[in-house]
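Some notes on the structure that comes next.
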Amino acid sequence: MANGNTPNGPATFWTQANALLRKNLTYQKRNVRTNVRLILFPFFLCILLVLIQKLLDNQLDKAKYRCGCICTKKQGDQCLEKTCGIQHSDLDQVSACPITNPPEWPPFLQLPAPQYRAVRTEFLPFSDVPNPSCRTNGSCPVTMLFTGTNHSFGQILSGNMIPSTFAINNSDFMGSLATNVLGSPSKTEYTNFLEPAFFSNLPIYYLQSQCTQNSTFSIPVNVSTTSRQQEVRCAQGIPLWRNSSSEVNNELFKGYRKGNTERQINEIAVGYDFLNSNGNIFNVSIWYNSTYKNDTGFDPIALARVPRSVNLVSNAFLQFLLGPGSKILFEFVKEMPKPETPIKFDLASLLGGLFFTWVILQLFPSFIPVTIITATKRIRLGVTGGWIIVMELFPGFALYRGLYEFAESAFNGDALGTHGMRWGDLSDSSNGMKEVLVIISVEWILVLLFAYYIDQVLSSGSGRSPLFFLKGFQKKPSSSFRKPSIKRQGSKVFVDMEKPDVNQEREKVEQLLLEPTINHAIVCDNLRKVYPGRDGNPAKFAVRGLSLALPQGECFGMLGPNGAGKTSFINMMIGLTKPTSGSAFVQGLDIRTDMDGIYTSMGVCPQHDLLWENLTGREHLLFYGRLKNLKGSALTQAVEESLKSVNLFHGGVADKQAGKYSGGMERRLSVAISLIGDPKCIGNPKELKGRYGGTYVFTMTASMDHEKDAEDLVQQLSPNANKIYHISGTQKFELPKDEVRIANVFRAVETAKRNFTVSAWGLADTTLEDVFIKVARGAQAFDTLS
């Protein structure tokens with residue numbers, strides 16, 4: 001296998017990455033049909049989405065989904081002019097109509113419904129709160145809480161906020177309503193084109209310091225071309241003073257259904273904290289019930305009726321300064337005009353993040369994407385956001401957040417007729433794309449470095465120190481053997497004192513460690529492997545203090561029964577496992593710290609073939625050759641010589657996929673893989689036979705009547721002969737070599753043939769198989785005695 005192409009040195013990380021990349025590209029090319037299907041499947045889904053989107057657009061483009069119109073000028077059956085608008089539309093059409101002049105609505109306070117207004121309870125023991133009996137007839141007043149550092153000033157302002165009279169102009173009902181303090185328990189929408197207070201079948205309330213009899217009446221409400229009657233009722237407003245903002249907070253929270261043990265609603269309409277306000281300073285905080293916004297995280301956020309609360313307290317301070325006739329008139333609230341907006345349903349944008357979600361749901365609990373969506377909504381409101389940034393440090397969450405932002409921006413852009421997300425939108429605080437892109441970019445770099453670090457520290461028993469990146473600041477070790485500590489572990493090392501070559505080998509290793517040399521390919525010093533005990537079983541000693549020195553160019557074989565430690569020894573030598581103690585050197589490199597360098601001069605042919613069915617024999621060798629740091633013409637030459645050496649070169653076999661090889665061809669390819677790149681070859685069968693097989697094996701077949709004659713013949717040749725096999729006249733004996741001469745055996749057999757019939761006979765040297773059987777029997781006997 002010598003080809004003169006010795007690797008220059010250990011394969012770097014980038015060399016290994018290049019080999020893996022080339023192998024994977026070849027593998028993917030071999031699976032081109034599967035890859036084409038994988039690539040075309042998303043395109044198929046996109047085409048399917050386009051077709052479904054086209055079908056939806058055609059349906060939504062029909063007249064019943066467009067703004068309603070009537071023909072105002074005809075010529076025969078042809079309409080020359082038509083007028084479109086809300087007045088000509090039904091409920092399915094009205095949302096598509098342009099609203100150039102939205103209606104004006106009087107401002108409202110958000111009031112609790114009569115059955116939910118605050119009353120005296122066990123969890124609200126204030127004596128100034130109304131009695132619970134008012135709920136039976138729906139006469140409970142509306143409670144407003146006040147606090148501040150200046151009690152007298154606060155009392156004056158709170159008294160100015162609730163009027164004592166109600167005025168209405170019969171010629172302008174809607175306009176005159178705005179001069180009073182109106183409120184409604186109805187829930188708001190996310191737009192204000194229609195005020196729910198007038199369309200909820202609930203009465204409108206006007207606040208008074210004291211309600212009189214016959215304080216309920218109806219007024220006409222005109223919207224576009226329609227008119228309806230609206231019930232208006234009086235509601236008494238009572239201002240209650242609290243000593244601190246903490247008392248107000250506590251009372252507001254306990255009025256929330258989940259804030260008390262009885263799960264009752266005891267709602268306060270609004271709260272004011274005048275803080276340090278006085279005649280020269282106006283500083284106020286306002287509490288309002290945010291649950292009416294319906295902020296679930298999934299639906300659009302509804303409008304809050306807060307402006308009227310601000311206007312009330314502002315007018316109260318203005319009246320304190322300038323007199324009761326002074327006020328800031330809050331005439332109306334009005335939605336922004338809108339153009340004609342055809343009804344659209346952007347299916348592609350809506351499902352944009354669904355494909356990724358589909359994959360994520362296979363790996364994580366289903367609540368995680370919902371949590372992310374909810375948290376994203378909360379970020380938009382400014383409620384909280386730090387914890388979601390922490391979650392996005394996991395790459396999957398960051399990617400999902402980015403896809404979610406893209407999908408929502410595209411959906412909203414299509415619905416509103418605007419653009420989707422652009423680069424300029426990264427500075428917009430309403431989306432989190434800037435943070436997502438920063439996190440993903442930083443994660444890409446950090447994860448790449450972390451993967452490299454883990455590969456260097458934990459890969460295949462290489463044993464690199466966790467601080468290997470500081471190696472450049474340390475003194476470079478010598479390239480020869482490094483003398484380990486002579487101090488041995490406390491474990492017992494079994495040495496057969498009857499085999500002096502074992503002690504001789506150990507002494508040889510000690511000498512080599514004291515006087516390093518590069519003439520030995522492998523040096524093992526007291527190598528030991530112990531597997532920890534499990535399930536109550538004791539620890540397993542796989543390798544017990546092995547010391548071994550193998551010169552360059554020597555072929556070394558290991559024999560032993562099952563459990564003798566052969567596989568454990570090989571696994572330690574090739575870096576799959578780390579030794580428990582002791583050390584070993586391959587070409588002067590320590591297996592505990594320098595496996596990367598050792599791999600370039602080592603080939604491994606495992607017990608089972610590790611091949612890729614879709615790669616050819618040549619492609620296998622190219623991959624492993626690159627891992628041995630072979631390049632260019634040297635790599636090509638090494639591959640061809642390796643294929644020729646195992647008879648896989650001619651007849652197109654080299655370019656046949658390994659999955660089509662026979663078992664023998666696969667084994668030959670594994671041998672070629674292990675030998676590519678000139679690994680160093682490293683006992684000696686003669687030594688094994690000399691130690692365990694110092695005998696000849698004599699075999700003789702005669703009739704069963706003359707078996708005793710054959711035994712007598714062998715005893716005459718060698719008094720210490722040992723019968724090892726006997727069946728149907730065939731007997732096999734071990735003859736010590738120091739007692740037998742081959743010529744004497746031939747003469748004795750010729751003489752025996754004159755006395756009885758000899759069907760067959762033979763004399764052979766000990767084979768490695770005989771040696772192995774003998775060693776295995778000896779090991780079994782040792783285990784029995786132990």
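Chain identifiers are assigned as A, B, and so on, following the order in which chains appear in the structure tokens; residues are numbered from 1 within each chain, and ligands are numbered from 1 in order of appearance.
All residues of protein, DNA or RNA that reach within 6 Å of segment 433-439 of chain A, judged by only C-alpha atoms and not counting those fewer than 4 positions away in the chain, are Ala398, Leu426 and Glu443 of chain A.
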Which polymer residues have any atom within 6 Å of an atom of segment 756-766 of chain A, counting only C-alpha atoms, with same-chain residues fewer than 3 positions away left out, as a ChimeraX atom specification? /A:693,696-702,753
Enumerate, as a PyMOL selection string, the complete set of residues in segment 517-671 of chain A that a backbone-based DSSP assignment places in strand (DSSP E). chain A and resi 520-531+540-551+581-586+589-590
Tell me which protein, DNA and RNA residues are within 6 Å of Ala584 of chain A, counting only C-alpha atoms, leaving out same-chain ones fewer than 6 positions away, and put them as a list in words. Val523, Cys524, Asp525, Asp590 and Ile591 of chain A
Those same residues - all heavy atoms - I'd like them written as a CSV table (one decimal), in the first residue's frame.
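That gives us result23.csv:
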chain,number,residue,atom,x,y,z
A,523,VAL,N,3.2,2.7,21.4
A,523,VAL,CA,3.7,2.4,22.7
A,523,VAL,C,2.6,2.6,23.7
A,523,VAL,O,2.0,3.6,23.7
A,523,VAL,CB,4.9,3.3,23.1
A,523,VAL,CG1,5.3,3.1,24.5
A,523,VAL,CG2,6.1,3.1,22.2
A,524,CYS,N,2.2,1.5,24.4
A,524,CYS,CA,1.1,1.5,25.4
A,524,CYS,C,1.8,1.4,26.8
A,524,CYS,O,2.5,0.4,27.0
A,524,CYS,CB,0.1,0.4,25.2
A,524,CYS,SG,-0.7,0.5,23.6
A,525,ASP,N,1.4,2.3,27.7
A,525,ASP,CA,2.0,2.3,29.0
A,525,ASP,C,0.9,2.1,30.0
A,525,ASP,O,0.2,3.0,30.3
A,525,ASP,CB,2.8,3.6,29.3
A,525,ASP,CG,3.3,3.6,30.7
A,525,ASP,OD1,3.7,2.6,31.2
A,525,ASP,OD2,3.3,4.7,31.3
A,590,ASP,N,0.0,11.4,21.7
A,590,ASP,CA,-0.8,10.8,22.8
A,590,ASP,C,-2.3,10.7,22.4
A,590,ASP,O,-2.9,11.6,21.9
A,590,ASP,CB,-0.7,11.8,24.0
A,590,ASP,CG,-1.1,11.1,25.3
A,590,ASP,OD1,-2.0,10.2,25.2
A,590,ASP,OD2,-0.7,11.5,26.3
A,591,ILE,N,-2.8,9.5,22.6
A,591,ILE,CA,-4.2,9.2,22.2
A,591,ILE,C,-5.2,10.0,23.1
A,591,ILE,O,-6.3,10.2,22.7
A,591,ILE,CB,-4.6,7.7,22.3
A,591,ILE,CG1,-4.5,7.2,23.8
A,591,ILE,CG2,-3.7,6.9,21.4
A,591,ILE,CD1,-5.0,5.9,24.0
